[in-house]
Amino acid sequence: MRYAILGDIHANLDAFEAVLEDIGARGGFDELWCLGDIVGYGPEPHACVELLRRHKHVCIAGNHDLAAVGKIGISSFNAPAAQACQWTTQQLTAEDVEYLESLPLESKQGDFSLVHGSPRQPVWEYLISVDDACDNFSYLGTEFCLVGHSHVPLVFRQDRGGHCSGGKLSAETKLGCTGQRLIVNPGGVGQPRDGDPRASYVIYDSDCQVMYHYRVSYDVSSTQAKMRQLELPSSLVLRLTYGY
């Protein structure tokens, strides 16, 4: 089985389409696992929800998905994020709202747990340090965990002795034969934050027990033009250029 693993689409249809096209060129997928934040920030929330739902998929809720349908407040959002969230809410159809409201905070798929933030805080925690990851392994009921939220492609490992390590997600990550537990972030599709503006995603091949990490260029200027036309915050437009 081949699984497309991605998150933080953030209503960026150009990036999402580019990722799906790239996956298709690499042999396609049997199922898509989405790690939340389909909407928020970007200019095409409805189209992104609609496109995701065309594919066989599993999806969990991100904080922007929940905020867009009123399941959590936006008091903790910065001003541009809050403005974009309020705009996003107005763009969703009744079917979009029903779908986003139905998303679980966590999903278990075999040896994998899927959460947006972290095992201990599924919605809100930015898991970017080895110390935090080490604490989170104690909350993890599976061998492997997939997270989003930080928009940074990372992998954290815990060996059988409890020692933790981590860092940048490499092109290939082997599972199963190492005896290690893993927490993996595939990076962001619609708003990367690691200094690389290209969309980021992972393909997991369960037959050979390997995760492959890919980056995909897309028409950033097209997305930015749509955002400017819709008068979304200029800081959200600019950050797509630099991937921060």
# chains A, B, ... in the order shown; residues from 1 in each chain; ligands from 1
>>> residues_around(residues="A:Gly70", least_positions_apart="5", cutoff="12 Å", atoms="only C-alpha atoms", output="number ranges by chain")
A: 63-65, 75, 85-86, 88-90, 97-98, 100-101
>>> residues_around(residues="stretch 153-157 of chain A", least_positions_apart="2", cutoff="7 Å", atoms="only C-alpha atoms", output="VMD selection string")
chain A and resid 130 133 151 159 164 to 169 180 to 187
>>> closest_atom_pairs(of="stretch 96-134 of chain A", to="stretch 6-21 of chain A", cutoff="12 Å", atoms="only C-alpha atoms", output="tab-separated table")
residue	atom	partner	partner_atom	distance
A:Leu114	CA	A:Gly7	CA	10.6
A:Val115	CA	A:Gly7	CA	10.2
A:His116	CA	A:Gly7	CA	8.2
A:Gly117	CA	A:Gly7	CA	10.9
>>> atom_distance(atom1="atom CA of A:Ala81", atom2="atom CA of A:Pro43")
12.6 Å
>>> closest_residue(among="A:Ser200, A:Gln224, A:Thr142, A:Ser206", to="A:Leu236", atoms="only C-alpha atoms")
A:Gln224
>>> atom_distance(atom1="atom CA of A:Ser107", atom2="atom CA of A:Gly190")
22.2 Å
>>> select_by_dssp(residues="stretch 93-166 of chain A", states="strand (DSSP E)", output="list in words")
Glu106, Ser107, Lys108, Gln109, Phe112, Ser113, Leu114, Val115, Phe144, Cys145, Leu146, Leu154, Val155, Phe156, Arg157, Gln158, Cys164, Ser165 and Gly166 of chain A
>>> atom_distance(atom1="atom CA of A:His55", atom2="atom CA of A:Cys145")
22.1 Å
>>> closest_atom_pairs(of="stretch 199-244 of chain A", to="stretch 23-29 of chain A", cutoff="12 Å", atoms="only C-alpha atoms", output="tab-separated table")
residue	atom	partner	partner_atom	distance
A:Ser200	CA	A:Ile23	CA	11.3
A:Tyr201	CA	A:Ile23	CA	9.2
A:Val202	CA	A:Ile23	CA	9.3
A:Ile203	CA	A:Phe29	CA	8.0
A:Tyr204	CA	A:Phe29	CA	9.1
A:Asp205	CA	A:Phe29	CA	9.2
A:Ser206	CA	A:Phe29	CA	11.3
A:Tyr212	CA	A:Arg26	CA	10.8
A:His213	CA	A:Ile23	CA	11.1
A:Tyr214	CA	A:Ile23	CA	9.2
A:Arg215	CA	A:Ile23	CA	10.7
A:Val216	CA	A:Ile23	CA	9.8
>>> write_last_selection(atoms="N, CA and C atoms", output="compact mmCIF listing (two decimals), in the first residue's frame")
# COMPACT_ATOMS: atom_id res chain seq x y z
N SER A 200 5.58 20.59 0.68
CA SER A 200 6.28 19.45 1.26
C SER A 200 5.27 18.34 1.58
N TYR A 201 5.67 17.10 1.29
CA TYR A 201 4.79 15.97 1.62
C TYR A 201 5.61 14.69 1.69
N VAL A 202 4.96 13.60 2.10
CA VAL A 202 5.60 12.29 2.26
C VAL A 202 4.76 11.22 1.58
N ILE A 203 5.41 10.24 0.98
CA ILE A 203 4.76 9.01 0.56
C ILE A 203 5.29 7.87 1.43
N TYR A 204 4.39 7.12 2.03
CA TYR A 204 4.77 5.97 2.84
C TYR A 204 4.42 4.70 2.07
N ASP A 205 5.44 3.88 1.81
CA ASP A 205 5.26 2.58 1.16
C ASP A 205 5.29 1.51 2.25
N SER A 206 4.14 0.96 2.56
CA SER A 206 4.07 0.01 3.67
C SER A 206 4.70 -1.34 3.33
N TYR A 212 9.14 8.39 2.02
CA TYR A 212 9.88 9.21 1.07
C TYR A 212 9.39 10.65 1.15
N HIS A 213 10.31 11.55 1.38
CA HIS A 213 9.97 12.97 1.53
C HIS A 213 10.27 13.71 0.24
N TYR A 214 9.29 14.51 -0.22
CA TYR A 214 9.43 15.25 -1.47
C TYR A 214 9.08 16.72 -1.29
N ARG A 215 9.69 17.56 -2.12
CA ARG A 215 9.34 18.98 -2.22
C ARG A 215 8.87 19.26 -3.64
N VAL A 216 7.87 20.15 -3.76
CA VAL A 216 7.26 20.43 -5.06
C VAL A 216 7.12 21.94 -5.26
>>> closest_residue(among="A:Phe112, A:Phe137, A:Tyr3, A:Tyr41", to="A:Lys226", atoms="only C-alpha atoms")
A:Tyr41
>>> closest_residue(among="A:His57, A:Leu92, A:Gln83, A:Val123", to="A:Val69", atoms="only C-alpha atoms")
A:Leu92
>>> closest_residue(among="A:Cys34, A:Leu230, A:Leu51, A:Cys208", to="A:Ser113", atoms="only C-alpha atoms")
A:Cys34
>>> residues_around(residues="A:Asp30", least_positions_apart="2", cutoff="8 Å", atoms="only C-alpha atoms", output="list in words")
Met1, Arg2, Tyr3, Ala4, Gly28, Leu32 and Lys56 of chain A
>>> closest_residue(among="A:Val210, A:Leu240, A:Ala68, A:Ile60", to="A:Leu103", atoms="only C-alpha atoms")
A:Ile60
>>> closest_residue(among="A:Tyr139, A:Glu50, A:Ile5, A:Asn78", to="A:Pro233", atoms="only C-alpha atoms")
A:Asn78
>>> select_by_dssp(residues="stretch 166-230 of chain A", states="helix (DSSP H, G or I)", output="NGL selection string")
:A and (220-229)
>>> write_last_selection(atoms="N, CA and C atoms", output="PDB file, in the first residue's frame")
ATOM      1  N   VAL A 220       3.547  30.066  -6.914  1.00  0.00           N
ATOM      2  CA  VAL A 220       3.345  30.896  -5.723  1.00  0.00           C
ATOM      3  C   VAL A 220       2.692  32.226  -6.093  1.00  0.00           C
ATOM      4  N   SER A 221       3.117  32.811  -7.199  1.00  0.00           N
ATOM      5  CA  SER A 221       2.593  34.119  -7.597  1.00  0.00           C
ATOM      6  C   SER A 221       1.101  34.065  -7.891  1.00  0.00           C
ATOM      7  N   SER A 222       0.626  32.929  -8.397  1.00  0.00           N
ATOM      8  CA  SER A 222      -0.812  32.773  -8.656  1.00  0.00           C
ATOM      9  C   SER A 222      -1.599  32.806  -7.354  1.00  0.00           C
ATOM     10  N   THR A 223      -1.129  32.072  -6.365  1.00  0.00           N
ATOM     11  CA  THR A 223      -1.798  32.077  -5.056  1.00  0.00           C
ATOM     12  C   THR A 223      -1.760  33.467  -4.438  1.00  0.00           C
ATOM     13  N   GLN A 224      -0.622  34.120  -4.538  1.00  0.00           N
ATOM     14  CA  GLN A 224      -0.492  35.459  -3.968  1.00  0.00           C
ATOM     15  C   GLN A 224      -1.422  36.457  -4.651  1.00  0.00           C
ATOM     16  N   ALA A 225      -1.568  36.353  -5.959  1.00  0.00           N
ATOM     17  CA  ALA A 225      -2.468  37.261  -6.686  1.00  0.00           C
ATOM     18  C   ALA A 225      -3.913  37.080  -6.212  1.00  0.00           C
ATOM     19  N   LYS A 226      -4.315  35.836  -5.983  1.00  0.00           N
ATOM     20  CA  LYS A 226      -5.664  35.570  -5.481  1.00  0.00           C
ATOM     21  C   LYS A 226      -5.841  36.169  -4.085  1.00  0.00           C
ATOM     22  N   MET A 227      -4.829  36.035  -3.253  1.00  0.00           N
ATOM     23  CA  MET A 227      -4.913  36.556  -1.890  1.00  0.00           C
ATOM     24  C   MET A 227      -5.004  38.076  -1.886  1.00  0.00           C
ATOM     25  N   ARG A 228      -4.242  38.719  -2.743  1.00  0.00           N
ATOM     26  CA  ARG A 228      -4.301  40.189  -2.823  1.00  0.00           C
ATOM     27  C   ARG A 228      -5.667  40.652  -3.318  1.00  0.00           C
ATOM     28  N   GLN A 229      -6.200  39.958  -4.309  1.00  0.00           N
ATOM     29  CA  GLN A 229      -7.509  40.321  -4.845  1.00  0.00           C
ATOM     30  C   GLN A 229      -8.600  40.208  -3.777  1.00  0.00           C
TER      31      GLN A 229
END
>>> decode(residues="stretch 2-140 of chain A", atoms="C-alpha atoms", output="compact mmCIF listing (two decimals), in the first residue's frame")
# COMPACT_ATOMS: atom_id res chain seq x y z
CA ARG A 2 1.09 3.54 -0.73
CA TYR A 3 -0.06 6.37 1.49
CA ALA A 4 0.20 10.07 0.64
CA ILE A 5 0.87 11.90 3.91
CA LEU A 6 0.40 15.65 3.98
CA GLY A 7 -0.89 18.47 6.12
CA ASP A 8 -1.37 22.18 6.46
CA ILE A 9 -2.88 22.68 3.02
CA HIS A 10 -4.23 25.99 4.29
CA ALA A 11 -6.60 26.73 1.42
CA ASN A 12 -3.71 26.89 -1.07
CA LEU A 13 -5.23 25.12 -4.05
CA ASP A 14 -2.27 25.74 -6.36
CA ALA A 15 0.07 23.99 -3.92
CA PHE A 16 -2.37 21.17 -3.21
CA GLU A 17 -2.91 20.47 -6.91
CA ALA A 18 0.84 20.53 -7.55
CA VAL A 19 1.39 17.98 -4.77
CA LEU A 20 -1.31 15.66 -6.10
CA GLU A 21 0.11 15.94 -9.61
CA ASP A 22 3.59 15.11 -8.31
CA ILE A 23 2.29 12.11 -6.39
CA GLY A 24 0.54 10.92 -9.53
CA ALA A 25 3.78 11.16 -11.48
CA ARG A 26 5.48 9.01 -8.81
CA GLY A 27 2.96 6.20 -9.02
CA GLY A 28 -0.04 7.56 -7.14
CA PHE A 29 -1.42 6.44 -3.79
CA ASP A 30 -3.96 4.04 -2.35
CA GLU A 31 -5.05 6.36 0.44
CA LEU A 32 -4.32 9.93 1.53
CA TRP A 33 -3.69 10.80 5.18
CA CYS A 34 -4.27 14.48 5.92
CA LEU A 35 -2.95 15.91 9.19
CA GLY A 36 -5.32 18.85 9.47
CA ASP A 37 -5.58 22.53 8.61
CA ILE A 38 -7.17 22.08 5.23
CA VAL A 39 -8.35 25.69 5.50
CA GLY A 40 -7.06 28.95 6.98
CA TYR A 41 -4.68 31.59 5.64
CA GLY A 42 -5.14 30.84 1.94
CA PRO A 43 -7.60 32.00 -0.75
CA GLU A 44 -9.52 28.82 -1.72
CA PRO A 45 -10.85 26.97 1.33
CA HIS A 46 -13.94 25.47 -0.33
CA ALA A 47 -12.01 24.20 -3.34
CA CYS A 48 -9.41 22.53 -1.11
CA VAL A 49 -12.03 20.78 1.02
CA GLU A 50 -13.80 19.67 -2.14
CA LEU A 51 -10.59 18.36 -3.75
CA LEU A 52 -9.58 16.42 -0.65
CA ARG A 53 -12.97 14.77 -0.45
CA ARG A 54 -12.67 13.44 -4.00
CA HIS A 55 -9.97 11.05 -2.84
CA LYS A 56 -10.01 8.08 -0.52
CA HIS A 57 -8.64 9.63 2.63
CA VAL A 58 -8.38 9.87 6.39
CA CYS A 59 -8.25 13.35 7.89
CA ILE A 60 -8.00 14.76 11.39
CA ALA A 61 -8.87 18.27 12.53
CA GLY A 62 -6.41 21.14 12.71
CA ASN A 63 -6.87 24.27 14.78
CA HIS A 64 -7.79 26.35 11.73
CA ASP A 65 -10.38 23.79 10.64
CA LEU A 66 -11.95 23.89 14.09
CA ALA A 67 -11.83 27.68 14.31
CA ALA A 68 -13.41 28.12 10.89
CA VAL A 69 -16.52 26.25 12.05
CA GLY A 70 -16.64 27.80 15.52
CA LYS A 71 -15.55 24.75 17.50
CA ILE A 72 -12.69 26.72 19.06
CA GLY A 73 -12.19 30.47 19.47
CA ILE A 74 -9.64 32.66 17.73
CA SER A 75 -8.48 34.67 20.73
CA SER A 76 -5.09 32.93 20.61
CA PHE A 77 -4.64 33.62 16.89
CA ASN A 78 -2.46 36.53 15.80
CA ALA A 79 -4.26 39.34 13.96
CA PRO A 80 -3.61 38.14 10.36
CA ALA A 81 -4.59 34.57 11.23
CA ALA A 82 -7.77 35.74 12.96
CA GLN A 83 -8.71 37.96 10.00
CA ALA A 84 -8.13 35.10 7.57
CA CYS A 85 -10.15 32.73 9.75
CA GLN A 86 -13.13 35.06 9.86
CA TRP A 87 -12.97 35.42 6.08
CA THR A 88 -12.64 31.64 5.66
CA THR A 89 -15.81 31.00 7.65
CA GLN A 90 -17.78 33.08 5.16
CA GLN A 91 -16.51 31.03 2.20
CA LEU A 92 -17.52 27.58 3.41
CA THR A 93 -20.63 25.80 2.16
CA ALA A 94 -22.96 23.96 4.49
CA GLU A 95 -21.39 20.69 3.32
CA ASP A 96 -17.90 22.04 4.04
CA VAL A 97 -18.94 22.99 7.57
CA GLU A 98 -20.53 19.59 8.18
CA TYR A 99 -17.39 17.85 6.97
CA LEU A 100 -14.98 19.98 9.04
CA GLU A 101 -17.17 19.57 12.14
CA SER A 102 -17.00 15.80 11.72
CA LEU A 103 -13.20 15.57 11.74
CA PRO A 104 -11.74 13.76 14.78
CA LEU A 105 -8.86 15.15 16.83
CA GLU A 106 -6.96 11.87 16.50
CA SER A 107 -7.01 8.78 14.33
CA LYS A 108 -5.22 5.45 14.65
CA GLN A 109 -4.30 3.69 11.43
CA GLY A 110 -2.53 0.43 12.23
CA ASP A 111 0.82 1.29 13.84
CA PHE A 112 0.28 5.02 13.25
CA SER A 113 -1.37 7.74 15.28
CA LEU A 114 -2.44 10.82 13.33
CA VAL A 115 -2.74 14.16 15.16
CA HIS A 116 -2.37 17.77 14.12
CA GLY A 117 -0.28 19.09 17.00
CA SER A 118 1.16 16.35 19.22
CA PRO A 119 0.14 13.19 21.09
CA ARG A 120 -0.32 15.11 24.35
CA GLN A 121 -1.95 18.20 22.79
CA PRO A 122 -3.56 17.09 19.51
CA VAL A 123 -4.64 20.57 18.43
CA TRP A 124 -2.21 23.15 19.76
CA GLU A 125 1.32 21.94 20.48
CA TYR A 126 4.11 22.87 18.07
CA LEU A 127 6.41 19.86 18.19
CA ILE A 128 9.78 21.21 17.12
CA SER A 129 12.27 20.27 19.87
CA VAL A 130 13.77 16.92 20.86
CA ASP A 131 12.92 17.53 24.54
CA ASP A 132 9.24 18.08 23.78
CA ALA A 133 9.19 15.09 21.44
CA CYS A 134 10.75 12.89 24.14
CA ASP A 135 8.00 13.87 26.57
CA ASN A 136 5.38 13.16 23.92
CA PHE A 137 6.47 9.57 23.33
CA SER A 138 4.98 8.71 26.74
CA TYR A 139 1.57 9.82 25.44
CA LEU A 140 1.88 7.75 22.27
